[in-house]
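Shown next: query.cif, given as mmCIF, C-alpha atoms.
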```
data_entry
#
loop_
_atom_site.label_atom_id
_atom_site.label_comp_id
_atom_site.auth_asym_id
_atom_site.auth_seq_id
_atom_site.Cartn_x
_atom_site.Cartn_y
_atom_site.Cartn_z
CA MET A 14 150.94 124.63 -70.30
CA GLY A 15 147.21 124.73 -69.62
CA LEU A 16 143.91 123.50 -71.03
CA GLU A 17 142.84 126.73 -72.73
CA ASN A 18 144.34 125.89 -76.15
CA VAL A 19 143.08 122.30 -76.30
CA LYS A 20 140.56 121.69 -79.08
CA CYS A 21 140.53 117.89 -78.86
CA PHE A 22 141.26 115.58 -75.93
CA LEU A 23 142.82 112.24 -76.89
CA LEU A 24 141.56 109.83 -74.27
CA ASP A 25 143.01 106.50 -73.33
CA MET A 26 140.20 104.05 -72.59
CA ASP A 27 140.99 101.23 -70.15
CA GLY A 28 142.22 102.73 -66.89
CA THR A 29 141.20 106.25 -67.92
CA PHE A 30 137.55 106.27 -69.04
CA TYR A 31 136.61 102.84 -67.72
CA LEU A 32 138.28 99.91 -66.02
CA GLY A 33 137.52 96.61 -67.71
CA GLY A 34 133.74 96.68 -67.94
CA GLN A 35 133.17 99.33 -65.26
CA LEU A 36 132.74 103.03 -66.08
CA ILE A 37 134.97 105.26 -63.92
CA ASP A 38 132.97 107.81 -61.92
CA GLY A 39 132.74 111.19 -63.63
CA SER A 40 133.75 110.02 -67.11
CA LEU A 41 130.42 110.88 -68.75
CA ASP A 42 130.36 114.24 -66.98
CA PHE A 43 133.76 115.02 -68.48
CA ILE A 44 132.57 114.25 -72.02
CA ARG A 45 129.51 116.48 -71.50
CA ARG A 46 131.72 119.31 -70.28
CA VAL A 47 134.09 118.93 -73.24
CA GLN A 48 131.16 119.21 -75.65
CA GLU A 49 129.54 122.10 -73.77
CA THR A 50 132.72 124.14 -74.18
CA GLY A 51 132.91 123.53 -77.94
CA ARG A 52 135.78 121.06 -77.76
CA ASP A 53 136.01 117.53 -79.12
CA TYR A 54 137.37 114.18 -77.96
CA MET A 55 138.80 111.04 -79.51
CA PHE A 56 139.41 107.74 -77.77
CA LEU A 57 142.93 106.53 -78.51
CA THR A 58 143.50 102.93 -77.50
CA ASN A 59 146.51 100.69 -77.94
CA ASN A 60 144.37 97.58 -77.49
CA SER A 61 144.43 95.92 -80.92
CA SER A 62 142.42 92.91 -79.73
CA HIS A 63 139.24 94.88 -80.58
CA ASN A 64 138.25 97.26 -83.38
CA ALA A 65 136.48 100.63 -83.43
CA ASN A 66 133.01 99.11 -83.86
CA PHE A 67 133.52 97.00 -80.73
CA TYR A 68 134.43 100.08 -78.70
CA VAL A 69 131.51 102.10 -80.04
CA GLU A 70 129.17 99.34 -78.87
CA LYS A 71 130.95 99.02 -75.51
CA LEU A 72 130.75 102.78 -74.89
CA ALA A 73 127.05 102.80 -75.78
CA LYS A 74 126.40 100.17 -73.10
CA MET A 75 128.14 102.48 -70.62
CA GLY A 76 125.92 105.42 -71.58
CA LEU A 77 128.03 107.23 -74.19
CA VAL A 78 126.55 107.25 -77.69
CA THR A 79 129.36 108.02 -80.13
CA ASP A 80 130.61 106.90 -83.54
CA ARG A 81 133.74 105.51 -85.15
CA SER A 82 135.15 108.96 -85.88
CA HIS A 83 135.70 109.30 -82.12
CA VAL A 84 137.70 106.06 -81.79
CA MET A 85 141.22 105.34 -83.06
CA THR A 86 142.79 101.96 -82.32
CA SER A 87 146.41 100.99 -82.76
CA GLY A 88 145.13 98.38 -85.20
CA GLU A 89 143.52 101.00 -87.43
CA ALA A 90 146.65 103.17 -87.30
CA THR A 91 148.72 100.11 -88.19
CA CYS A 92 146.55 99.50 -91.25
CA GLU A 93 147.20 103.06 -92.40
CA LYS A 94 150.93 102.54 -91.93
CA LEU A 95 150.89 99.24 -93.82
CA ASN A 96 149.15 100.84 -96.80
CA GLU A 97 151.64 103.70 -96.70
CA LEU A 98 154.84 101.64 -96.42
CA TYR A 99 153.90 98.24 -97.90
CA PRO A 100 150.97 98.70 -100.30
CA GLY A 101 149.62 95.45 -101.67
CA LYS A 102 151.87 93.24 -99.53
CA ARG A 103 150.59 90.04 -97.93
CA VAL A 104 150.55 89.93 -94.14
CA PHE A 105 151.13 87.21 -91.57
CA LEU A 106 148.83 88.26 -88.74
CA LEU A 107 149.29 87.38 -85.11
CA GLY A 108 145.94 88.75 -83.99
CA ASN A 109 142.32 87.87 -83.40
CA GLU A 110 139.22 88.34 -85.56
CA TYR A 111 138.81 92.04 -84.71
CA LEU A 112 142.26 92.97 -85.98
CA ALA A 113 141.77 90.72 -89.00
CA ALA A 114 138.56 92.62 -89.78
CA GLU A 115 140.40 95.96 -89.58
CA LEU A 116 143.01 94.74 -92.06
CA ALA A 117 140.34 93.42 -94.41
CA GLU A 118 138.46 96.72 -94.27
CA ALA A 119 141.69 98.51 -95.17
CA GLY A 120 142.14 96.25 -98.20
CA ILE A 121 145.09 94.34 -96.72
CA THR A 122 145.44 90.63 -97.53
CA VAL A 123 146.18 88.23 -94.66
CA ASP A 124 148.16 85.23 -95.86
CA ASN A 125 149.62 83.21 -93.00
CA GLU A 126 151.17 80.68 -95.37
CA HIS A 127 153.14 82.91 -97.78
CA PRO A 128 153.39 86.36 -96.18
CA GLU A 129 155.65 89.27 -97.10
CA ILE A 130 155.27 91.14 -93.78
CA VAL A 131 154.70 90.12 -90.16
CA VAL A 132 152.13 92.04 -88.08
CA VAL A 133 151.87 91.29 -84.37
CA GLY A 134 148.91 92.51 -82.33
CA PHE A 135 147.42 91.77 -78.92
CA ASP A 136 146.16 88.30 -79.73
CA THR A 137 143.73 86.95 -77.14
CA THR A 138 143.38 83.74 -79.21
CA LEU A 139 147.08 82.96 -78.95
CA ASP A 140 148.27 79.35 -79.08
CA TYR A 141 151.66 77.68 -79.39
CA GLN A 142 151.39 77.03 -83.13
CA LYS A 143 150.89 80.74 -83.77
CA MET A 144 153.95 81.59 -81.69
CA TRP A 145 156.00 78.98 -83.53
CA ASP A 146 154.86 80.29 -86.92
CA VAL A 147 155.48 83.95 -86.15
CA CYS A 148 158.97 83.20 -84.86
CA ASN A 149 159.79 81.34 -88.07
CA PHE A 150 158.77 84.29 -90.25
CA VAL A 151 160.50 86.85 -88.05
CA ARG A 152 163.65 84.71 -88.06
CA ASP A 153 163.46 84.59 -91.86
CA GLY A 154 163.88 88.36 -91.90
CA LEU A 155 160.43 89.56 -93.01
CA PRO A 156 159.57 93.16 -92.08
CA TYR A 157 158.11 92.99 -88.57
CA ILE A 158 155.51 95.48 -87.34
CA ALA A 159 153.80 95.59 -83.95
CA THR A 160 150.59 97.46 -83.20
CA HIS A 161 151.67 98.76 -79.77
CA PRO A 162 154.17 98.10 -76.94
CA ASP A 163 152.07 97.56 -73.77
CA PHE A 164 153.22 94.76 -71.47
CA ASN A 165 149.93 94.45 -69.54
CA CYS A 166 146.26 95.20 -70.09
CA PRO A 167 144.36 96.39 -66.99
CA THR A 168 141.24 94.51 -65.83
CA GLU A 169 138.89 94.81 -62.86
CA THR A 170 140.91 92.11 -61.07
CA GLY A 171 144.48 93.08 -62.01
CA PHE A 172 146.38 92.74 -65.28
CA MET A 173 146.47 90.35 -68.22
CA PRO A 174 149.63 89.91 -70.34
CA ASP A 175 149.62 92.17 -73.42
CA ILE A 176 151.63 92.37 -76.64
CA GLY A 177 154.85 93.43 -74.91
CA ALA A 178 155.08 89.97 -73.35
CA ILE A 179 154.46 88.41 -76.77
CA MET A 180 157.25 90.49 -78.32
CA ASP A 181 159.62 89.38 -75.56
CA PHE A 182 158.81 85.74 -76.39
CA ILE A 183 159.56 86.41 -80.06
CA ALA A 184 162.79 88.26 -79.21
CA ALA A 185 163.97 85.44 -76.97
CA SER A 186 163.54 82.95 -79.82
CA THR A 187 164.64 85.06 -82.81
CA GLY A 188 166.85 87.83 -81.46
CA ARG A 189 164.69 90.43 -83.26
CA ARG A 190 162.56 93.30 -82.06
CA PRO A 191 159.90 94.93 -84.27
CA ASP A 192 161.16 97.15 -87.06
CA LEU A 193 158.22 99.47 -86.37
CA ILE A 194 155.80 99.92 -83.46
CA VAL A 195 152.75 102.04 -84.32
CA GLY A 196 150.79 102.60 -81.09
CA LYS A 197 151.41 104.93 -78.18
CA PRO A 198 153.98 106.32 -77.49
CA HIS A 199 155.21 105.93 -81.07
CA THR A 200 154.46 108.40 -83.84
CA GLY A 201 152.34 106.27 -86.17
CA ILE A 202 149.15 106.59 -84.14
CA VAL A 203 149.68 110.34 -83.64
CA GLU A 204 150.11 110.78 -87.39
CA ALA A 205 146.78 108.99 -87.92
CA VAL A 206 145.08 111.33 -85.42
CA LEU A 207 146.51 114.43 -87.10
CA ARG A 208 145.23 113.25 -90.48
CA ARG A 209 141.76 112.54 -89.13
CA THR A 210 141.30 115.73 -87.09
CA GLY A 211 143.18 118.23 -89.23
CA LEU A 212 144.50 119.77 -86.01
CA SER A 213 148.06 120.54 -84.93
CA VAL A 214 149.75 118.89 -81.97
CA GLY A 215 149.42 122.20 -80.09
CA GLU A 216 145.64 121.83 -80.23
CA LEU A 217 145.64 118.30 -78.81
CA ALA A 218 146.04 116.87 -75.32
CA MET A 219 146.90 113.27 -74.51
CA VAL A 220 145.07 112.02 -71.42
CA GLY A 221 145.80 108.65 -69.86
CA ASP A 222 146.81 106.55 -66.86
CA ARG A 223 150.14 105.18 -68.11
CA LEU A 224 153.44 107.00 -68.05
CA TYR A 225 155.30 104.90 -70.62
CA THR A 226 152.55 105.00 -73.26
CA ASP A 227 150.08 107.84 -72.72
CA ILE A 228 152.30 110.46 -71.11
CA GLU A 229 155.32 109.52 -73.21
CA THR A 230 153.14 110.08 -76.30
CA GLY A 231 152.64 113.68 -75.25
CA VAL A 232 156.31 114.12 -74.46
CA ARG A 233 157.52 112.68 -77.77
CA SER A 234 155.00 114.49 -79.95
CA GLY A 235 155.08 117.84 -78.17
CA MET A 236 151.43 117.87 -77.13
CA LEU A 237 150.02 118.56 -73.66
CA SER A 238 150.15 115.43 -71.50
CA ILE A 239 147.65 114.81 -68.71
CA LEU A 240 147.91 111.95 -66.22
CA VAL A 241 144.88 110.54 -64.42
CA MET A 242 145.35 108.32 -61.37
CA THR A 243 142.53 105.87 -62.08
CA GLY A 244 144.59 103.12 -63.67
CA GLU A 245 148.13 101.78 -63.67
CA THR A 246 150.25 104.66 -62.35
CA THR A 247 150.77 105.09 -58.61
CA GLU A 248 152.24 108.13 -56.85
CA GLU A 249 155.39 106.08 -56.22
CA MET A 250 155.72 105.20 -59.92
CA LEU A 251 155.28 108.85 -60.86
CA ALA A 252 157.93 109.98 -58.38
CA GLU A 253 160.44 107.47 -59.73
CA SER A 254 159.75 108.00 -63.43
CA ALA A 255 161.78 110.23 -65.74
CA THR A 256 158.62 110.76 -67.79
CA LYS A 257 156.51 113.48 -66.19
CA PRO A 258 153.05 114.76 -67.23
CA ASP A 259 152.33 118.43 -67.77
CA LEU A 260 149.23 118.08 -65.60
CA LYS A 261 147.89 115.48 -63.15
CA PHE A 262 144.33 114.84 -61.97
CA GLY A 263 142.66 112.18 -59.87
CA ARG A 264 140.16 111.39 -62.61
CA LEU A 265 138.82 112.90 -65.83
CA SER A 266 136.02 114.90 -64.23
CA ASP A 267 138.51 116.71 -61.99
CA MET A 268 139.29 118.81 -65.08
CA ASN A 269 135.70 119.98 -65.55
CA ASP A 270 135.97 123.27 -63.64
CA LEU A 271 139.07 124.22 -65.65
CA LEU A 272 137.44 123.80 -69.05
#
```
Translate this structure into structure tokens?
Amino acid sequence: MGLENVKCFLLDMDGTFYLGGQLIDGSLDFIRRVQETGRDYMFLTNNSSHNANFYVEKLAKMGLVTDRSHVMTSGEATCEKLNELYPGKRVFLLGNEYLAAELAEAGITVDNEHPEIVVVGFDTTLDYQKMWDVCNFVRDGLPYIATHPDFNCPTETGFMPDIGAIMDFIAASTGRRPDLIVGKPHTGIVEAVLRRTGLSVGELAMVGDRLYTDIETGVRSGMLSILVMTGETTEEMLAESATKPDLKFGRLSDMNDLL
């Protein structure tokens, strides 16, 4: 499998295009090359602690002027799934103001007192009361949806605990895992991309730094998977993993001459 059939590159963000607040060398050159060759790109992030508008502004500060059509968050994909499976249902939200804004924009009512569904995101405003409340509702048997599965979020200085750690807390207390996880490597976020782009999986490539989310997304969906070594994955991790990318590059711009 090569790059010749790719019409749109799905790009992970943190660890692939930038690291925390620092642009990775060559990232802007890669976007320019993609556009010069008549291809497109879409940023595909599992981080549901921010929404598309936040990322558009962040990318602009790094020198890439783009719009919301080029950003898909696990939060936005989760909203689409909620409206598909549970239209009109009230949601208990474990998430911050950005995820709350995405739900509101999608017409979904957040009611943390009398919910009908539980939605868990990467909540950077987490406190003990929230954890207590979410465990009560999960234990009561409400449908339980998580935006994505990541255990850690990369930063310039290491890693911060992500939603996977939150889900483990909930599981330890309630004995339940989510009924549905939307973000990479699960199918909900890919379905949202296919609807937005109108392309087939054979015309897409998933590019990222994580084997168990980014590369596994490509494997599960049947699209080209491309690993970059600018984030979480080390050569040792790659050698030991059963999940293998179709292609591997040091960084995004290492693909430029092949486009």
For this session: Enumerate, as number ranges by chain, the residues matched when the PyMOL selection byres ((chain A and resi 128) around 7) is run on the file above.
Result: A: 103-105, 124-127, 129-130
Exercise. Any idea what the distance is between CA of Ser186 in chain A and CA of Ile202 in chain A?
Worked result: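 Here the two named atoms are 28.0 Å from each other.
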Exercise. For this file, the PyMOL selection byres ((chain A and resi 70-83) around 7) selects which residues, as a ChimeraX atom specification?
Worked result: /A:36,41,54-56,65-69,84-85
For this session: Quote the spacing between CA of Leu217 in chain A and CA of Met242 in chain A in Å to one decimal place.
Result: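 Straight-line distance from CA of Leu217 in chain A to CA of Met242 in chain A works out to 20.1 Å.
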Exercise. Can you list, as a ChimeraX atom specification, the residues that the PyMOL selection byres ((chain A and resi 195) around 12) selects here?
Worked result: /A:58-61,86-95,132-134,157-163,191-194,196-205,226,230
Expected file: the selected residues, C-alpha atoms, as a PDB file, in the frame of the given file:
```pdb
ATOM      1  CA  THR A  58     143.500 102.930 -77.500  1.00  0.00           C
ATOM      2  CA  ASN A  59     146.510 100.690 -77.940  1.00  0.00           C
ATOM      3  CA  ASN A  60     144.370  97.580 -77.490  1.00  0.00           C
ATOM      4  CA  SER A  61     144.430  95.920 -80.920  1.00  0.00           C
ATOM      5  CA  THR A  86     142.790 101.960 -82.320  1.00  0.00           C
ATOM      6  CA  SER A  87     146.410 100.990 -82.760  1.00  0.00           C
ATOM      7  CA  GLY A  88     145.130  98.380 -85.200  1.00  0.00           C
ATOM      8  CA  GLU A  89     143.520 101.000 -87.430  1.00  0.00           C
ATOM      9  CA  ALA A  90     146.650 103.170 -87.300  1.00  0.00           C
ATOM     10  CA  THR A  91     148.720 100.110 -88.190  1.00  0.00           C
ATOM     11  CA  CYS A  92     146.550  99.500 -91.250  1.00  0.00           C
ATOM     12  CA  GLU A  93     147.200 103.060 -92.400  1.00  0.00           C
ATOM     13  CA  LYS A  94     150.930 102.540 -91.930  1.00  0.00           C
ATOM     14  CA  LEU A  95     150.890  99.240 -93.820  1.00  0.00           C
ATOM     15  CA  VAL A 132     152.130  92.040 -88.080  1.00  0.00           C
ATOM     16  CA  VAL A 133     151.870  91.290 -84.370  1.00  0.00           C
ATOM     17  CA  GLY A 134     148.910  92.510 -82.330  1.00  0.00           C
ATOM     18  CA  TYR A 157     158.110  92.990 -88.570  1.00  0.00           C
ATOM     19  CA  ILE A 158     155.510  95.480 -87.340  1.00  0.00           C
ATOM     20  CA  ALA A 159     153.800  95.590 -83.950  1.00  0.00           C
ATOM     21  CA  THR A 160     150.590  97.460 -83.200  1.00  0.00           C
ATOM     22  CA  HIS A 161     151.670  98.760 -79.770  1.00  0.00           C
ATOM     23  CA  PRO A 162     154.170  98.100 -76.940  1.00  0.00           C
ATOM     24  CA  ASP A 163     152.070  97.560 -73.770  1.00  0.00           C
ATOM     25  CA  PRO A 191     159.900  94.930 -84.270  1.00  0.00           C
ATOM     26  CA  ASP A 192     161.160  97.150 -87.060  1.00  0.00           C
ATOM     27  CA  LEU A 193     158.220  99.470 -86.370  1.00  0.00           C
ATOM     28  CA  ILE A 194     155.800  99.920 -83.460  1.00  0.00           C
ATOM     29  CA  GLY A 196     150.790 102.600 -81.090  1.00  0.00           C
ATOM     30  CA  LYS A 197     151.410 104.930 -78.180  1.00  0.00           C
ATOM     31  CA  PRO A 198     153.980 106.320 -77.490  1.00  0.00           C
ATOM     32  CA  HIS A 199     155.210 105.930 -81.070  1.00  0.00           C
ATOM     33  CA  THR A 200     154.460 108.400 -83.840  1.00  0.00           C
ATOM     34  CA  GLY A 201     152.340 106.270 -86.170  1.00  0.00           C
ATOM     35  CA  ILE A 202     149.150 106.590 -84.140  1.00  0.00           C
ATOM     36  CA  VAL A 203     149.680 110.340 -83.640  1.00  0.00           C
ATOM     37  CA  GLU A 204     150.110 110.780 -87.390  1.00  0.00           C
ATOM     38  CA  ALA A 205     146.780 108.990 -87.920  1.00  0.00           C
ATOM     39  CA  THR A 226     152.550 105.000 -73.260  1.00  0.00           C
ATOM     40  CA  THR A 230     153.140 110.080 -76.300  1.00  0.00           C
TER      41      THR A 230
END
```
Problem set entry | Pick from A:Leu224, A:Leu240, A:Leu16, A:Val131 nearest to Asp153 in chain A, counting all atoms listed in the file |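 Among A:Leu224, A:Leu240, A:Leu16, A:Val131, it is A:Val131 that comes nearest to Asp153 in chain A.
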For this session: Go ahead and find all residues with at least one atom no further than 7 Å from (137.9, 92.1, -70.3) in the file's coordinates, using all atoms listed in the file; report them as a ChimeraX atom specification.
Result: /A:33-34,168
Exercise. What lies within 12 Å of Gln48 in chain A using only C-alpha atoms, ignoring chain neighbours under 4 positions off, as a list in words?
Worked result: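 Contacts, with the query itself left out: Lys20, Cys21, Phe22, Leu41, Asp42, Phe43, Ile44, Arg52, Asp53, Tyr54, Met55, Asn269 and Leu272 of chain A.
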Problem set entry | Atomic separation - CA of Arg46 in chain A relative to CA of Asp270 in chain A, Å |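 Computed distance, CA of Asp270 in chain A to CA of Arg46 in chain A, equals 8.8 Å.
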Near-Asp222 in chain A list (12 Å; all atoms listed in the file; drop same-chain fewer than 2 positions) as a PDB file with C-alpha atoms, in the coordinates of the input:
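result19.pdb, written as the output of this step:
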```
ATOM      1  CA  LEU A  24     141.560 109.830 -74.270  1.00  0.00           C
ATOM      2  CA  ASP A  25     143.010 106.500 -73.330  1.00  0.00           C
ATOM      3  CA  MET A  26     140.200 104.050 -72.590  1.00  0.00           C
ATOM      4  CA  ASP A  27     140.990 101.230 -70.150  1.00  0.00           C
ATOM      5  CA  GLY A  28     142.220 102.730 -66.890  1.00  0.00           C
ATOM      6  CA  THR A  29     141.200 106.250 -67.920  1.00  0.00           C
ATOM      7  CA  PHE A  30     137.550 106.270 -69.040  1.00  0.00           C
ATOM      8  CA  TYR A  31     136.610 102.840 -67.720  1.00  0.00           C
ATOM      9  CA  LEU A  32     138.280  99.910 -66.020  1.00  0.00           C
ATOM     10  CA  THR A  58     143.500 102.930 -77.500  1.00  0.00           C
ATOM     11  CA  CYS A 166     146.260  95.200 -70.090  1.00  0.00           C
ATOM     12  CA  PRO A 167     144.360  96.390 -66.990  1.00  0.00           C
ATOM     13  CA  MET A 219     146.900 113.270 -74.510  1.00  0.00           C
ATOM     14  CA  VAL A 220     145.070 112.020 -71.420  1.00  0.00           C
ATOM     15  CA  LEU A 224     153.440 107.000 -68.050  1.00  0.00           C
ATOM     16  CA  TYR A 225     155.300 104.900 -70.620  1.00  0.00           C
ATOM     17  CA  THR A 226     152.550 105.000 -73.260  1.00  0.00           C
ATOM     18  CA  ASP A 227     150.080 107.840 -72.720  1.00  0.00           C
ATOM     19  CA  ILE A 228     152.300 110.460 -71.110  1.00  0.00           C
ATOM     20  CA  GLU A 229     155.320 109.520 -73.210  1.00  0.00           C
ATOM     21  CA  THR A 230     153.140 110.080 -76.300  1.00  0.00           C
ATOM     22  CA  SER A 238     150.150 115.430 -71.500  1.00  0.00           C
ATOM     23  CA  ILE A 239     147.650 114.810 -68.710  1.00  0.00           C
ATOM     24  CA  LEU A 240     147.910 111.950 -66.220  1.00  0.00           C
ATOM     25  CA  VAL A 241     144.880 110.540 -64.420  1.00  0.00           C
ATOM     26  CA  MET A 242     145.350 108.320 -61.370  1.00  0.00           C
ATOM     27  CA  THR A 243     142.530 105.870 -62.080  1.00  0.00           C
ATOM     28  CA  GLY A 244     144.590 103.120 -63.670  1.00  0.00           C
ATOM     29  CA  GLU A 245     148.130 101.780 -63.670  1.00  0.00           C
ATOM     30  CA  THR A 246     150.250 104.660 -62.350  1.00  0.00           C
ATOM     31  CA  THR A 247     150.770 105.090 -58.610  1.00  0.00           C
ATOM     32  CA  GLU A 248     152.240 108.130 -56.850  1.00  0.00           C
ATOM     33  CA  MET A 250     155.720 105.200 -59.920  1.00  0.00           C
ATOM     34  CA  LEU A 251     155.280 108.850 -60.860  1.00  0.00           C
ATOM     35  CA  LYS A 257     156.510 113.480 -66.190  1.00  0.00           C
ATOM     36  CA  PRO A 258     153.050 114.760 -67.230  1.00  0.00           C
ATOM     37  CA  LEU A 260     149.230 118.080 -65.600  1.00  0.00           C
ATOM     38  CA  LYS A 261     147.890 115.480 -63.150  1.00  0.00           C
ATOM     39  CA  PHE A 262     144.330 114.840 -61.970  1.00  0.00           C
ATOM     40  CA  GLY A 263     142.660 112.180 -59.870  1.00  0.00           C
ATOM     41  CA  ARG A 264     140.160 111.390 -62.610  1.00  0.00           C
ATOM     42  CA  LEU A 265     138.820 112.900 -65.830  1.00  0.00           C
TER      43      LEU A 265
END
```
Using the file's own x, y and z axes, so that the box edges lie along x, y and z, what centre and edge lengths in Å (one decimal) does a box around every listed atom of range 184-193 of chain A get when 5 Å is added on each side? Give it as lines of an AutoDock Vina configuration file.
```
center_x = 162.5
center_y = 91.2
center_z = -82.0
size_x = 18.6
size_y = 26.5
size_z = 20.1
```
Exercise. Which residue gives the smallest distance to Arg152 in chain A among A:Ser62, A:Thr210, A:Thr187, A:Thr137, with all atoms listed in the file counted?
Worked result: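 Looking at the shortest contact to Arg152 in chain A, the residue is A:Thr187.
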Exercise. In file coordinates, which residues lie within 12 Å of (162.8, 82.6, -89.6) using all atoms listed in the file, given as a PyMOL selection string?
Worked result: chain A and resi 131+144-157+183-184+186-189
Seminar exercise, completed: With distances taken over only C-alpha atoms, the candidate from A:Arg45, A:Phe164, A:Ala117, A:Gln142 nearest Asp181 in chain A is A:Phe164
Exercise. Using only C-alpha atoms, which of A:Ser213, A:Ser266, A:Gln35, A:Ser254 sits nearest Leu237 in chain A?
Worked result: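 Comparing A:Ser213, A:Ser266, A:Gln35, A:Ser254 against Leu237 in chain A, the winner is A:Ser213.
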Exercise. Of the candidates A:Ile179, A:Asp267, A:Met236, A:Gly221, which one gets nearest to Leu107 in chain A if we count all atoms listed in the file?
Worked result: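 Answer, going by the shortest atom-to-atom distance: A:Ile179.
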For this session: Would you mind telling me which residue in A:Lys143, A:Pro100, A:Leu207, A:Arg223 lies nearest to Phe182 in chain A when using only C-alpha atoms?
Result: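 Result for the nearest residue to Phe182 in chain A: A:Lys143.
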